[in-house]
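**Student:** Here you go, one structure.
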Amino acid sequence: MMPIIYYVSCSIILFFIGVYCLIAKRNMIRLLMGLEIMMNAANLNFIAFSTQVAEGAVHPLAHVFTILSISIGGCVIALGLVITIYAYRHYGSLDVRELRRLRR
Amino acid sequence: MRPSQLLGILIISTLITPMISLVGRRIRRDRLLVSAFAISILSFALILSVTSLFSLIHEDAMLAAFTDHQFPIRPNLRADSLSIYMVTIFLGICLLVSLFSAEFIDRNRIAAYFSLILGMMTSMVGVLLSEDFFTLFIFWEAMCICSYTFTSFNKERREAVEAGYKYLIMSSAGAVTILFALSFLYGLTGTLNFRYLSESLNQAEDNLAVHLAILMLLVGFGLQAGVVPFHTWLPDALCAAPSEISALFSACMEKTGLFCLLKVFFVIFNSIYEDWRVPIAALSVLTMFVGNLSALIQDDLKRLFAYSTIANTGYVLVGVAIGTSKSLAGSLFHILNHAIVASLLFLCVGAFIRQARTRSLKELSGIRHRMPLTSFYLIIGVLSLATFPTLNIFWSELLIISAGWEAGMSWLSFLMIINLILSAAYSLRVIEGVAVKKTTYISRKASEAPLSMNIPMLALAITIVVIGLYPSPFQGLTETIVNRVFYSI
């Protein structure tokens, strides 16, 4: 079995890829994808730790939590896409820089 | 009352609300039915929480549900005096906000509006009552989803869509950061229950991963509370949401973030709180200064009050940074006072927007000639914000400042006093605009707000004056709560 540190470092790398995506990207849908990557990093972390917590067994709490957090993440992303559709109707573009046009 | 009963009533009524509106549509009475249902549920929940607050204060009991010592992983709910205190504040303000808005929401949206208000209140009560990060996170995300929807509630306006998107991205990033921190805490201890977490972290030696997790929790919860490097969503969201919802955001949702910070630092990680005192003090100073200095230059009333909300978060954090039982009592008292004042101010602005169709301070100048009652309430609220003695905020700020002096952190008290002067400056500007200046073309056309708007504002204004004149019972209540809940200080 692979040691846990590989999984944890993988999830940390994924998390920072998501953070980079939020900072650097300009497309509204890509930002939501960045959020999704961050969520998946945290979920992966939970699943990886669930094998370590109880000796010789898989801890069920992490699995329950992961399923619930995936569904909540789905809700958030769906809401984000709804708002993106409205923004597209208003501005005719998916660029977040366009959104700041009216900012004082 | 058991916490599961309170939460169950709220959850079921949230789910029933759309069906009631369907029934109401058939008999063409949906506004009456839905608002009466929501208001009666909220008042019932308020009565429940007030009675249990009294019983909790008098006997040192703890209301627990689903507590099972055999199963440390089992999610549970717990109502101690701190969470019931916050629940009572939130339910009271939510009740007044629903009364304020019941008559004037667009008829096609009334079902959505009240389901979302009840949903938001349910999830906030869930966050307050949970004794487990598992439960807390799920209610937290439910609260966030309701508030994103509220921010872009007026979806035909560009401002609302823009602010909603910005808020969604920032706040979900914060929530994911919390989730990541929880995964590390889970990996270290194998549980997410507050009590077990605290016990196993007390035994563990100083670990880098614990500090990393605390940093992430601070970012995630601080983002919702409007702590400064992460505050940029707040003025936009509070401007874009309908005014009564801004009142709810500023009075309740931010306070939920502060409550979680209190819980993290004084209940779960109290053994390593000392290491985090200086960063919190720095954050609080930054928050106060940025909030007050930005509020000085605003013309938009809602934006001005949004920045003053940020500054008041800073005052609460000063109490957290000082960390004695007196300063924490001051913080809790300030949470109560600012929740009342902020909701009063945003409701007044809501009345102005409805009657005069503007929220610009320049265009509203001299509005007291046309809307004397609303302006009077606004002036009471703003004077309280300016730390006028005999109004409520004065006493809580006095408590925090004197606690800083006694604890040997007088520099923090001194910086807070400078900030109070700044806040007095913008408050006086608002009063000058509303009451002293001559009327404009726009403010001359306005008329007084209707009765159903006046009653909630009157109730809040009376509460401000009553707490200002008799602060000792409320102050004593917060001191009791601090001694009960944060026993380890």
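Chain identifiers are assigned as A, B, and so on, following the order in which chains appear in the structure tokens; residues are numbered from 1 within each chain, and ligands are numbered from 1 in order of appearance.
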Mind listing as a JSON list (two decimals) with N, CA and C atoms, in the first residue's frame which residues of chain A are within 9 Å of chain B, counting only C-alpha atoms?
**Tutor:**
```json
[["chain", "number", "residue", "atom", "x", "y", "z"],
["A", 15, "PHE", "N", -5.22, 21.44, -4.42],
["A", 15, "PHE", "CA", -5.79, 22.62, -3.78],
["A", 15, "PHE", "C", -5.15, 23.88, -4.34],
["A", 19, "VAL", "N", -6.51, 27.20, -6.31],
["A", 19, "VAL", "CA", -6.28, 28.59, -5.89],
["A", 19, "VAL", "C", -5.68, 29.39, -7.04],
["A", 22, "LEU", "N", -8.36, 30.28, -9.46],
["A", 22, "LEU", "CA", -9.20, 31.39, -9.01],
["A", 22, "LEU", "C", -8.49, 32.72, -9.19],
["A", 28, "MET", "N", -15.66, 33.12, -16.36],
["A", 28, "MET", "CA", -16.49, 32.86, -15.20],
["A", 28, "MET", "C", -16.67, 31.37, -14.95],
["A", 31, "LEU", "N", -13.57, 29.82, -13.37],
["A", 31, "LEU", "CA", -13.46, 30.07, -11.93],
["A", 31, "LEU", "C", -14.26, 29.03, -11.14],
["A", 32, "LEU", "N", -15.46, 28.70, -11.65],
["A", 32, "LEU", "CA", -16.25, 27.68, -10.96],
["A", 32, "LEU", "C", -15.54, 26.34, -11.00],
["A", 35, "LEU", "N", -13.04, 26.26, -8.27],
["A", 35, "LEU", "CA", -13.68, 25.93, -6.99],
["A", 35, "LEU", "C", -13.88, 24.42, -6.87],
["A", 38, "MET", "N", -10.78, 22.63, -5.96],
["A", 38, "MET", "CA", -10.44, 22.76, -4.54],
["A", 38, "MET", "C", -11.30, 21.83, -3.69],
["A", 39, "MET", "N", -12.60, 21.75, -4.02],
["A", 39, "MET", "CA", -13.47, 20.85, -3.26],
["A", 39, "MET", "C", -13.00, 19.41, -3.38],
["A", 41, "ALA", "N", -10.03, 18.35, -3.92],
["A", 41, "ALA", "CA", -8.81, 18.16, -3.14],
["A", 41, "ALA", "C", -9.16, 17.83, -1.70],
["A", 42, "ALA", "N", -10.09, 18.61, -1.12],
["A", 42, "ALA", "CA", -10.46, 18.36, 0.27],
["A", 42, "ALA", "C", -11.12, 17.00, 0.43],
["A", 43, "ASN", "N", -11.98, 16.63, -0.53],
["A", 43, "ASN", "CA", -12.64, 15.32, -0.43],
["A", 43, "ASN", "C", -11.65, 14.18, -0.53],
["A", 45, "ASN", "N", -8.61, 14.27, 0.39],
["A", 45, "ASN", "CA", -7.91, 14.25, 1.66],
["A", 45, "ASN", "C", -8.69, 13.46, 2.70],
["A", 46, "PHE", "N", -10.01, 13.71, 2.75],
["A", 46, "PHE", "CA", -10.85, 12.98, 3.71],
["A", 46, "PHE", "C", -10.77, 11.47, 3.45],
["A", 47, "ILE", "N", -10.92, 11.09, 2.18],
["A", 47, "ILE", "CA", -10.93, 9.66, 1.87],
["A", 47, "ILE", "C", -9.58, 9.03, 2.21],
["A", 48, "ALA", "N", -8.49, 9.76, 1.92],
["A", 48, "ALA", "CA", -7.17, 9.22, 2.22],
["A", 48, "ALA", "C", -6.99, 9.02, 3.72],
["A", 49, "PHE", "N", -7.43, 10.00, 4.52],
["A", 49, "PHE", "CA", -7.27, 9.87, 5.96],
["A", 49, "PHE", "C", -8.16, 8.79, 6.55],
["A", 50, "SER", "N", -9.28, 8.48, 5.88],
["A", 50, "SER", "CA", -10.21, 7.53, 6.48],
["A", 50, "SER", "C", -9.59, 6.14, 6.61],
["A", 52, "GLN", "N", -6.57, 5.64, 7.62],
["A", 52, "GLN", "CA", -5.54, 5.70, 8.65],
["A", 52, "GLN", "C", -6.10, 5.79, 10.06],
["A", 53, "VAL", "N", -7.33, 6.32, 10.17],
["A", 53, "VAL", "CA", -7.81, 6.67, 11.50],
["A", 53, "VAL", "C", -8.06, 5.44, 12.36],
["A", 54, "ALA", "N", -8.78, 4.46, 11.82],
["A", 54, "ALA", "CA", -9.06, 3.25, 12.59],
["A", 54, "ALA", "C", -8.12, 2.16, 12.10],
["A", 59, "HIS", "N", -12.74, 4.11, 8.22],
["A", 59, "HIS", "CA", -13.61, 4.90, 9.08],
["A", 59, "HIS", "C", -14.79, 5.42, 8.27],
["A", 60, "PRO", "N", -16.04, 5.19, 8.69],
["A", 60, "PRO", "CA", -17.18, 5.57, 7.84],
["A", 60, "PRO", "C", -17.47, 7.06, 7.81],
["A", 61, "LEU", "N", -17.08, 7.79, 8.86],
["A", 61, "LEU", "CA", -17.45, 9.21, 8.95],
["A", 61, "LEU", "C", -16.99, 9.98, 7.72],
["A", 62, "ALA", "N", -15.73, 9.72, 7.29],
["A", 62, "ALA", "CA", -15.19, 10.49, 6.18],
["A", 62, "ALA", "C", -15.96, 10.23, 4.90],
["A", 65, "PHE", "N", -19.28, 12.10, 5.09],
["A", 65, "PHE", "CA", -19.02, 13.52, 4.94],
["A", 65, "PHE", "C", -18.70, 13.86, 3.49],
["A", 68, "LEU", "N", -21.83, 13.88, 1.31],
["A", 68, "LEU", "CA", -22.62, 15.09, 1.56],
["A", 68, "LEU", "C", -21.93, 16.32, 0.98],
["A", 69, "SER", "N", -20.61, 16.39, 1.13],
["A", 69, "SER", "CA", -19.94, 17.61, 0.66],
["A", 69, "SER", "C", -19.90, 17.65, -0.86],
["A", 72, "ILE", "N", -23.33, 19.03, -1.74],
["A", 72, "ILE", "CA", -23.42, 20.46, -1.45],
["A", 72, "ILE", "C", -22.62, 21.25, -2.49],
["A", 73, "GLY", "N", -21.44, 20.70, -2.86],
["A", 73, "GLY", "CA", -20.64, 21.37, -3.89],
["A", 73, "GLY", "C", -21.40, 21.45, -5.19],
["A", 75, "CYS", "N", -24.62, 21.75, -5.49],
["A", 75, "CYS", "CA", -25.59, 22.84, -5.35],
["A", 75, "CYS", "C", -24.92, 24.19, -5.60],
["A", 76, "VAL", "N", -23.74, 24.38, -4.99],
["A", 76, "VAL", "CA", -23.07, 25.68, -5.12],
["A", 76, "VAL", "C", -22.72, 25.94, -6.57],
["A", 79, "LEU", "N", -25.76, 26.86, -8.62],
["A", 79, "LEU", "CA", -26.15, 28.25, -8.38],
["A", 79, "LEU", "C", -25.20, 29.20, -9.10],
["A", 80, "GLY", "N", -23.90, 28.87, -9.07],
["A", 80, "GLY", "CA", -22.92, 29.70, -9.76],
["A", 80, "GLY", "C", -23.19, 29.74, -11.25],
["A", 83, "ILE", "N", -26.12, 32.07, -11.96],
["A", 83, "ILE", "CA", -25.71, 33.48, -11.92],
["A", 83, "ILE", "C", -24.90, 33.81, -13.17],
["A", 84, "THR", "N", -24.07, 32.84, -13.63],
["A", 84, "THR", "CA", -23.29, 33.07, -14.84],
["A", 84, "THR", "C", -24.20, 33.31, -16.03],
["A", 86, "TYR", "N", -27.21, 34.61, -16.01],
["A", 86, "TYR", "CA", -27.75, 35.97, -15.92],
["A", 86, "TYR", "C", -26.69, 37.00, -16.30],
["A", 87, "ALA", "N", -25.46, 36.76, -15.84],
["A", 87, "ALA", "CA", -24.40, 37.71, -16.17],
["A", 87, "ALA", "C", -24.18, 37.74, -17.68],
["A", 90, "HIS", "N", -26.77, 39.85, -19.28],
["A", 90, "HIS", "CA", -26.58, 41.29, -19.09],
["A", 90, "HIS", "C", -25.44, 41.82, -19.91],
["A", 91, "TYR", "N", -24.32, 41.09, -19.94],
["A", 91, "TYR", "CA", -23.10, 41.67, -20.50],
["A", 91, "TYR", "C", -22.73, 41.09, -21.85],
["A", 99, "LEU", "N", -17.26, 42.47, -15.78],
["A", 99, "LEU", "CA", -18.15, 42.71, -14.64],
["A", 99, "LEU", "C", -17.77, 43.98, -13.90],
["A", 100, "ARG", "N", -16.51, 44.34, -13.97],
["A", 100, "ARG", "CA", -16.08, 45.51, -13.19],
["A", 100, "ARG", "C", -16.32, 46.80, -13.95],
["A", 102, "LEU", "N", -18.94, 48.61, -14.33],
["A", 102, "LEU", "CA", -19.78, 49.60, -13.68],
["A", 102, "LEU", "C", -19.27, 50.01, -12.31],
["A", 103, "ARG", "N", -18.15, 49.39, -11.90],
["A", 103, "ARG", "CA", -17.67, 49.66, -10.55],
["A", 103, "ARG", "C", -17.17, 51.09, -10.41]]
```
**Student:** What are the DSSP strand (DSSP E or B) residues of region 119-366 of chain B, as a list in words?
**Tutor:**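 Strand (DSSP E or B) members of region 119-366 of chain B, listed: Ser130, Asp132, Asn193, Asp300 and Ser360 of chain B.
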**Student:** Write a file of the just-selected residues containing N, CA and C atoms, as a PDB file, in the first residue's frame.
**Tutor:**
```
ATOM      1  N   SER B 130     -24.802  23.345  16.441  1.00  0.00           N
ATOM      2  CA  SER B 130     -24.092  22.101  16.181  1.00  0.00           C
ATOM      3  C   SER B 130     -22.895  21.965  17.113  1.00  0.00           C
ATOM      4  N   ASP B 132     -20.412  19.785  16.338  1.00  0.00           N
ATOM      5  CA  ASP B 132     -19.647  18.877  15.525  1.00  0.00           C
ATOM      6  C   ASP B 132     -19.335  19.610  14.227  1.00  0.00           C
ATOM      7  N   ASN B 193     -15.885  15.935  16.309  1.00  0.00           N
ATOM      8  CA  ASN B 193     -16.659  16.445  17.434  1.00  0.00           C
ATOM      9  C   ASN B 193     -15.821  17.446  18.230  1.00  0.00           C
ATOM     10  N   ASP B 300     -23.147  56.626  -0.846  1.00  0.00           N
ATOM     11  CA  ASP B 300     -24.227  55.640  -0.823  1.00  0.00           C
ATOM     12  C   ASP B 300     -24.445  55.180   0.619  1.00  0.00           C
ATOM     13  N   SER B 360     -28.744  57.632  -2.071  1.00  0.00           N
ATOM     14  CA  SER B 360     -27.591  58.524  -2.049  1.00  0.00           C
ATOM     15  C   SER B 360     -27.801  59.584  -0.975  1.00  0.00           C
TER      16      SER B 360
END
```
**Student:** Run DSSP on the backbone and grab whatever in region 7-148 of chain B lands in helix (DSSP H, G or I); send it over as a tab-separated table (two decimals) with C-alpha atoms, in the first residue's frame.
**Tutor:**
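Generated file (result37.tsv):
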```tsv
chain	number	residue	atom	x	y	z
B	7	LEU	CA	-34.27	22.84	14.44
B	8	GLY	CA	-36.87	20.31	13.32
B	9	ILE	CA	-39.69	22.85	13.49
B	10	LEU	CA	-37.66	25.30	11.43
B	11	ILE	CA	-36.59	22.73	8.82
B	12	ILE	CA	-40.11	21.36	8.33
B	13	SER	CA	-41.63	24.83	8.05
B	14	THR	CA	-39.00	25.81	5.48
B	15	LEU	CA	-39.99	22.83	3.36
B	16	ILE	CA	-43.72	23.48	3.79
B	17	THR	CA	-43.61	27.18	2.79
B	18	PRO	CA	-43.70	26.63	-1.03
B	19	MET	CA	-46.66	24.27	-0.66
B	20	ILE	CA	-48.52	26.86	1.41
B	21	SER	CA	-47.96	29.39	-1.33
B	22	LEU	CA	-49.40	26.92	-3.88
B	23	VAL	CA	-52.52	26.57	-1.73
B	24	GLY	CA	-52.62	30.34	-1.29
B	25	ARG	CA	-52.45	30.90	-5.04
B	26	ARG	CA	-55.61	28.84	-5.50
B	30	ASP	CA	-50.85	33.76	-1.01
B	31	ARG	CA	-49.21	36.90	0.42
B	32	LEU	CA	-51.30	36.74	3.56
B	33	LEU	CA	-50.97	32.99	4.03
B	34	VAL	CA	-47.22	32.73	3.43
B	35	SER	CA	-46.22	35.75	5.48
B	36	ALA	CA	-48.55	34.83	8.34
B	37	PHE	CA	-47.14	31.30	8.35
B	38	ALA	CA	-43.51	32.47	8.34
B	39	ILE	CA	-44.10	35.10	11.01
B	40	SER	CA	-45.97	32.73	13.29
B	41	ILE	CA	-43.26	30.05	12.95
B	42	LEU	CA	-40.56	32.61	13.70
B	43	SER	CA	-42.42	33.95	16.75
B	44	PHE	CA	-43.02	30.42	18.02
B	45	ALA	CA	-39.31	29.61	17.65
B	46	LEU	CA	-38.44	32.90	19.35
B	47	ILE	CA	-40.66	32.07	22.33
B	48	LEU	CA	-39.06	28.61	22.57
B	49	SER	CA	-35.54	30.03	22.51
B	50	VAL	CA	-36.30	32.81	25.03
B	51	THR	CA	-37.77	30.34	27.52
B	52	SER	CA	-34.84	27.99	27.15
B	53	LEU	CA	-32.41	30.92	27.51
B	54	PHE	CA	-34.03	31.76	30.86
B	55	SER	CA	-33.92	28.16	32.02
B	56	LEU	CA	-30.28	27.84	30.96
B	57	ILE	CA	-29.27	30.97	32.80
B	58	HIS	CA	-31.00	30.04	36.03
B	81	SER	CA	-26.27	29.39	26.86
B	82	LEU	CA	-23.99	31.04	24.28
B	83	SER	CA	-25.66	29.46	21.27
B	84	ILE	CA	-29.18	30.01	22.63
B	85	TYR	CA	-28.26	33.67	23.28
B	86	MET	CA	-27.23	34.08	19.64
B	87	VAL	CA	-30.28	32.12	18.41
B	88	THR	CA	-32.55	34.47	20.36
B	89	ILE	CA	-30.92	37.56	18.83
B	90	PHE	CA	-31.13	36.14	15.31
B	91	LEU	CA	-34.74	34.97	15.57
B	92	GLY	CA	-35.84	38.31	17.00
B	93	ILE	CA	-34.22	40.28	14.21
B	94	CYS	CA	-35.48	37.87	11.56
B	95	LEU	CA	-39.02	38.24	12.91
B	96	LEU	CA	-38.85	42.04	12.67
B	97	VAL	CA	-37.36	41.85	9.17
B	98	SER	CA	-40.20	39.57	8.00
B	99	LEU	CA	-42.77	41.96	9.51
B	100	PHE	CA	-41.07	44.84	7.71
B	101	SER	CA	-41.06	43.22	4.32
B	107	ARG	CA	-46.28	39.03	-5.23
B	108	ASN	CA	-44.65	36.60	-7.68
B	109	ARG	CA	-41.62	36.23	-5.46
B	110	ILE	CA	-43.21	36.00	-2.05
B	111	ALA	CA	-42.92	32.21	-1.80
B	112	ALA	CA	-39.24	32.29	-2.78
B	113	TYR	CA	-38.58	35.16	-0.43
B	114	PHE	CA	-40.06	33.57	2.67
B	115	SER	CA	-38.69	30.09	1.93
B	116	LEU	CA	-35.23	31.62	1.63
B	117	ILE	CA	-35.60	33.67	4.83
B	118	LEU	CA	-36.75	30.61	6.74
B	119	GLY	CA	-34.03	28.49	5.11
B	120	MET	CA	-31.34	30.98	6.00
B	121	MET	CA	-32.61	31.24	9.57
B	122	THR	CA	-32.78	27.44	9.88
B	123	SER	CA	-29.25	26.98	8.68
B	124	MET	CA	-27.91	29.74	10.93
B	125	VAL	CA	-29.63	28.17	13.93
B	126	GLY	CA	-28.12	24.85	12.82
B	127	VAL	CA	-24.63	26.36	12.73
B	128	LEU	CA	-25.14	27.80	16.20
B	129	LEU	CA	-26.48	24.60	17.73
B	133	PHE	CA	-17.77	20.23	12.53
B	134	PHE	CA	-19.65	17.79	10.30
B	135	THR	CA	-23.04	19.27	11.16
B	136	LEU	CA	-21.64	22.77	11.28
B	137	PHE	CA	-20.19	22.58	7.78
B	138	ILE	CA	-23.39	21.31	6.20
B	139	PHE	CA	-25.52	24.03	7.80
B	140	TRP	CA	-22.82	26.57	6.95
B	141	GLU	CA	-23.02	25.72	3.25
B	142	ALA	CA	-26.82	25.79	3.37
B	143	MET	CA	-26.62	29.29	4.87
B	144	CYS	CA	-24.18	30.36	2.16
B	145	ILE	CA	-26.40	29.01	-0.64
B	146	CYS	CA	-29.41	30.94	0.71
B	147	SER	CA	-27.37	34.12	0.98
B	148	TYR	CA	-25.96	33.85	-2.57
```
**Student:** Considering only C-alpha atoms, state which residue in the set A:Glu36, A:Val96, A:Tyr7, A:Val82 is at the smallest distance from Ala24 (chain A).
**Tutor:** A:Val96
**Student:** Using only C-alpha atoms, which protein or nucleic acid residues come within 10 Å of Ser384 (chain B)? Drop anything in the same chain fewer than 5 positions from it, and give the result as a ChimeraX atom specification.
**Tutor:** /B:337-338,341,378-379,389-394,424,427,464-465,468
**Student:** Those same residues, written as an mmCIF file, in the first residue's frame with N, CA, C and O atoms?
**Tutor:**
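Resulting contents of result_23.cif:
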```cif
data_model
loop_
_atom_site.group_PDB
_atom_site.id
_atom_site.type_symbol
_atom_site.label_atom_id
_atom_site.label_comp_id
_atom_site.auth_asym_id
_atom_site.auth_seq_id
_atom_site.Cartn_x
_atom_site.Cartn_y
_atom_site.Cartn_z
ATOM 1 N N ASN B 337 -25.604 44.351 20.515
ATOM 2 C CA ASN B 337 -25.906 45.758 20.253
ATOM 3 C C ASN B 337 -25.786 46.085 18.789
ATOM 4 O O ASN B 337 -26.634 46.760 18.206
ATOM 5 N N HIS B 338 -24.699 45.592 18.164
ATOM 6 C CA HIS B 338 -24.531 45.956 16.764
ATOM 7 C C HIS B 338 -25.558 45.270 15.889
ATOM 8 O O HIS B 338 -25.967 45.831 14.880
ATOM 9 N N VAL B 341 -28.540 47.598 16.093
ATOM 10 C CA VAL B 341 -28.328 48.880 15.432
ATOM 11 C C VAL B 341 -28.241 48.700 13.916
ATOM 12 O O VAL B 341 -28.860 49.445 13.151
ATOM 13 N N LEU B 378 -33.477 56.629 12.224
ATOM 14 C CA LEU B 378 -32.136 56.584 11.638
ATOM 15 C C LEU B 378 -31.159 57.356 12.512
ATOM 16 O O LEU B 378 -30.035 56.904 12.762
ATOM 17 N N ILE B 379 -31.610 58.512 13.016
ATOM 18 C CA ILE B 379 -30.695 59.336 13.826
ATOM 19 C C ILE B 379 -30.372 58.624 15.139
ATOM 20 O O ILE B 379 -29.221 58.641 15.595
ATOM 21 N N PRO B 389 -23.305 58.316 24.589
ATOM 22 C CA PRO B 389 -23.638 57.698 25.874
ATOM 23 C C PRO B 389 -25.150 57.619 26.040
ATOM 24 O O PRO B 389 -25.877 58.414 25.458
ATOM 25 N N THR B 390 -25.602 56.665 26.831
ATOM 26 C CA THR B 390 -27.010 56.321 27.046
ATOM 27 C C THR B 390 -27.655 55.656 25.846
ATOM 28 O O THR B 390 -28.847 55.438 25.835
ATOM 29 N N LEU B 391 -26.882 55.324 24.811
ATOM 30 C CA LEU B 391 -27.407 54.434 23.780
ATOM 31 C C LEU B 391 -26.555 53.175 23.813
ATOM 32 O O LEU B 391 -25.431 53.189 24.322
ATOM 33 N N ASN B 392 -27.055 52.066 23.241
ATOM 34 C CA ASN B 392 -26.517 50.768 23.650
ATOM 35 C C ASN B 392 -25.057 50.516 23.302
ATOM 36 O O ASN B 392 -24.326 49.940 24.099
ATOM 37 N N ILE B 393 -24.582 50.933 22.096
ATOM 38 C CA ILE B 393 -23.235 50.535 21.698
ATOM 39 C C ILE B 393 -22.174 51.122 22.629
ATOM 40 O O ILE B 393 -21.129 50.520 22.854
ATOM 41 N N PHE B 394 -22.473 52.276 23.224
ATOM 42 C CA PHE B 394 -21.538 52.910 24.157
ATOM 43 C C PHE B 394 -21.084 51.937 25.241
ATOM 44 O O PHE B 394 -19.893 51.823 25.536
ATOM 45 N N ALA B 424 -17.529 58.467 14.773
ATOM 46 C CA ALA B 424 -18.363 59.627 15.113
ATOM 47 C C ALA B 424 -18.379 60.612 13.962
ATOM 48 O O ALA B 424 -19.404 61.229 13.667
ATOM 49 N N SER B 427 -20.749 59.383 11.280
ATOM 50 C CA SER B 427 -22.116 59.409 11.784
ATOM 51 C C SER B 427 -22.669 60.828 11.764
ATOM 52 O O SER B 427 -23.817 61.055 11.367
ATOM 53 N N ILE B 464 -32.866 49.851 21.448
ATOM 54 C CA ILE B 464 -31.589 50.562 21.570
ATOM 55 C C ILE B 464 -31.609 51.451 22.807
ATOM 56 O O ILE B 464 -30.672 51.428 23.626
ATOM 57 N N VAL B 465 -32.690 52.223 22.982
ATOM 58 C CA VAL B 465 -32.744 53.154 24.108
ATOM 59 C C VAL B 465 -32.828 52.388 25.432
ATOM 60 O O VAL B 465 -32.152 52.745 26.407
ATOM 61 N N GLY B 468 -29.580 51.019 26.274
ATOM 62 C CA GLY B 468 -28.701 52.127 26.625
ATOM 63 C C GLY B 468 -28.953 52.623 28.037
ATOM 64 O O GLY B 468 -28.024 52.999 28.747
#
```
**Student:** When you look at region 286-289 of chain B with a cut-off of 12 Å (counting only C-alpha atoms), what residues show up, excluding the ones that are within fewer than 5 positions of it in the same chain? I need them as a ChimeraX atom specification.
**Tutor:** /B:222-223,225-232,279-281,294-296,307-318,412-413,415-423
**Student:** Mind dumping the selected residues with C-alpha atoms as a compact mmCIF listing (two decimals), in the first residue's frame?
**Tutor:**
```
# COMPACT_ATOMS: atom_id res chain seq x y z
CA GLY B 222 -13.19 35.42 8.90
CA LEU B 223 -14.24 35.78 5.28
CA ALA B 225 -17.40 37.78 9.22
CA GLY B 226 -15.89 40.50 7.01
CA VAL B 227 -12.38 40.52 8.48
CA VAL B 228 -10.29 42.86 6.42
CA PRO B 229 -8.11 41.21 3.82
CA PHE B 230 -11.19 39.17 2.85
CA HIS B 231 -13.89 41.83 3.16
CA THR B 232 -14.24 43.01 -0.44
CA PRO B 279 -2.30 37.84 14.57
CA ILE B 280 -5.89 38.38 15.73
CA ALA B 281 -4.98 41.73 17.27
CA SER B 294 -13.65 53.71 3.86
CA ALA B 295 -16.95 54.66 5.49
CA LEU B 296 -15.80 58.28 5.74
CA TYR B 307 -18.24 49.60 5.91
CA SER B 308 -19.32 50.49 9.44
CA THR B 309 -20.37 46.85 9.82
CA ILE B 310 -16.80 45.85 8.92
CA ALA B 311 -15.49 48.30 11.52
CA ASN B 312 -17.78 46.82 14.17
CA THR B 313 -16.50 43.33 13.35
CA GLY B 314 -13.11 44.82 14.16
CA TYR B 315 -14.34 45.97 17.60
CA VAL B 316 -15.61 42.47 18.38
CA LEU B 317 -12.25 41.05 17.31
CA VAL B 318 -10.49 43.47 19.67
CA LEU B 412 -5.26 48.21 21.52
CA SER B 413 -7.75 50.24 23.55
CA LEU B 415 -6.37 52.41 18.69
CA MET B 416 -10.02 51.54 19.29
CA ILE B 417 -10.68 55.01 20.75
CA ILE B 418 -9.14 56.60 17.62
CA ASN B 419 -11.54 54.50 15.57
CA LEU B 420 -14.50 55.62 17.67
CA ILE B 421 -13.64 59.21 16.78
CA LEU B 422 -13.57 58.27 13.08
CA SER B 423 -16.93 56.56 13.37
```
**Student:** Contacts of Ala351 (chain B) at 8 Å or less, counting only C-alpha atoms, minus same-chain residues fewer than 3 places along, as a PyMOL selection string?
**Tutor:** chain B and resi 347-348+354-355+374+449+453
**Student:** Okay, now the selection with N, CA, C and O atoms, as a compact mmCIF listing (two decimals), in the first residue's frame?
**Tutor:**
```txt
# COMPACT_ATOMS: atom_id res chain seq x y z
N LEU B 347 -32.95 48.80 7.80
CA LEU B 347 -34.40 48.91 7.58
C LEU B 347 -34.78 50.34 7.25
O LEU B 347 -35.63 50.58 6.39
N CYS B 348 -34.15 51.32 7.93
CA CYS B 348 -34.42 52.73 7.61
C CYS B 348 -34.06 53.02 6.17
O CYS B 348 -34.81 53.69 5.45
N ARG B 354 -37.70 52.76 -0.61
CA ARG B 354 -39.06 52.54 -1.09
C ARG B 354 -39.79 53.85 -1.32
O ARG B 354 -40.49 54.02 -2.32
N GLN B 355 -39.60 54.84 -0.40
CA GLN B 355 -40.40 56.06 -0.49
C GLN B 355 -39.75 57.11 -1.39
O GLN B 355 -40.46 57.89 -2.00
N THR B 374 -39.06 58.00 10.21
CA THR B 374 -37.95 57.17 9.75
C THR B 374 -36.62 57.87 10.01
O THR B 374 -35.66 57.23 10.45
N ALA B 449 -43.11 56.60 5.64
CA ALA B 449 -43.22 55.16 5.43
C ALA B 449 -44.52 54.63 6.05
O ALA B 449 -44.99 55.19 7.05
N MET B 453 -44.06 49.22 8.09
CA MET B 453 -42.61 49.41 8.13
C MET B 453 -42.20 50.10 9.42
O MET B 453 -41.11 49.87 9.94
```
**Student:** Pick from B:Ser198, B:Ser472, B:Thr463, B:Asn483: nearest to Val267 (chain B), with only C-alpha atoms counted?
**Tutor:**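 Selected residue with least distance to Val267 (chain B): B:Ser198.
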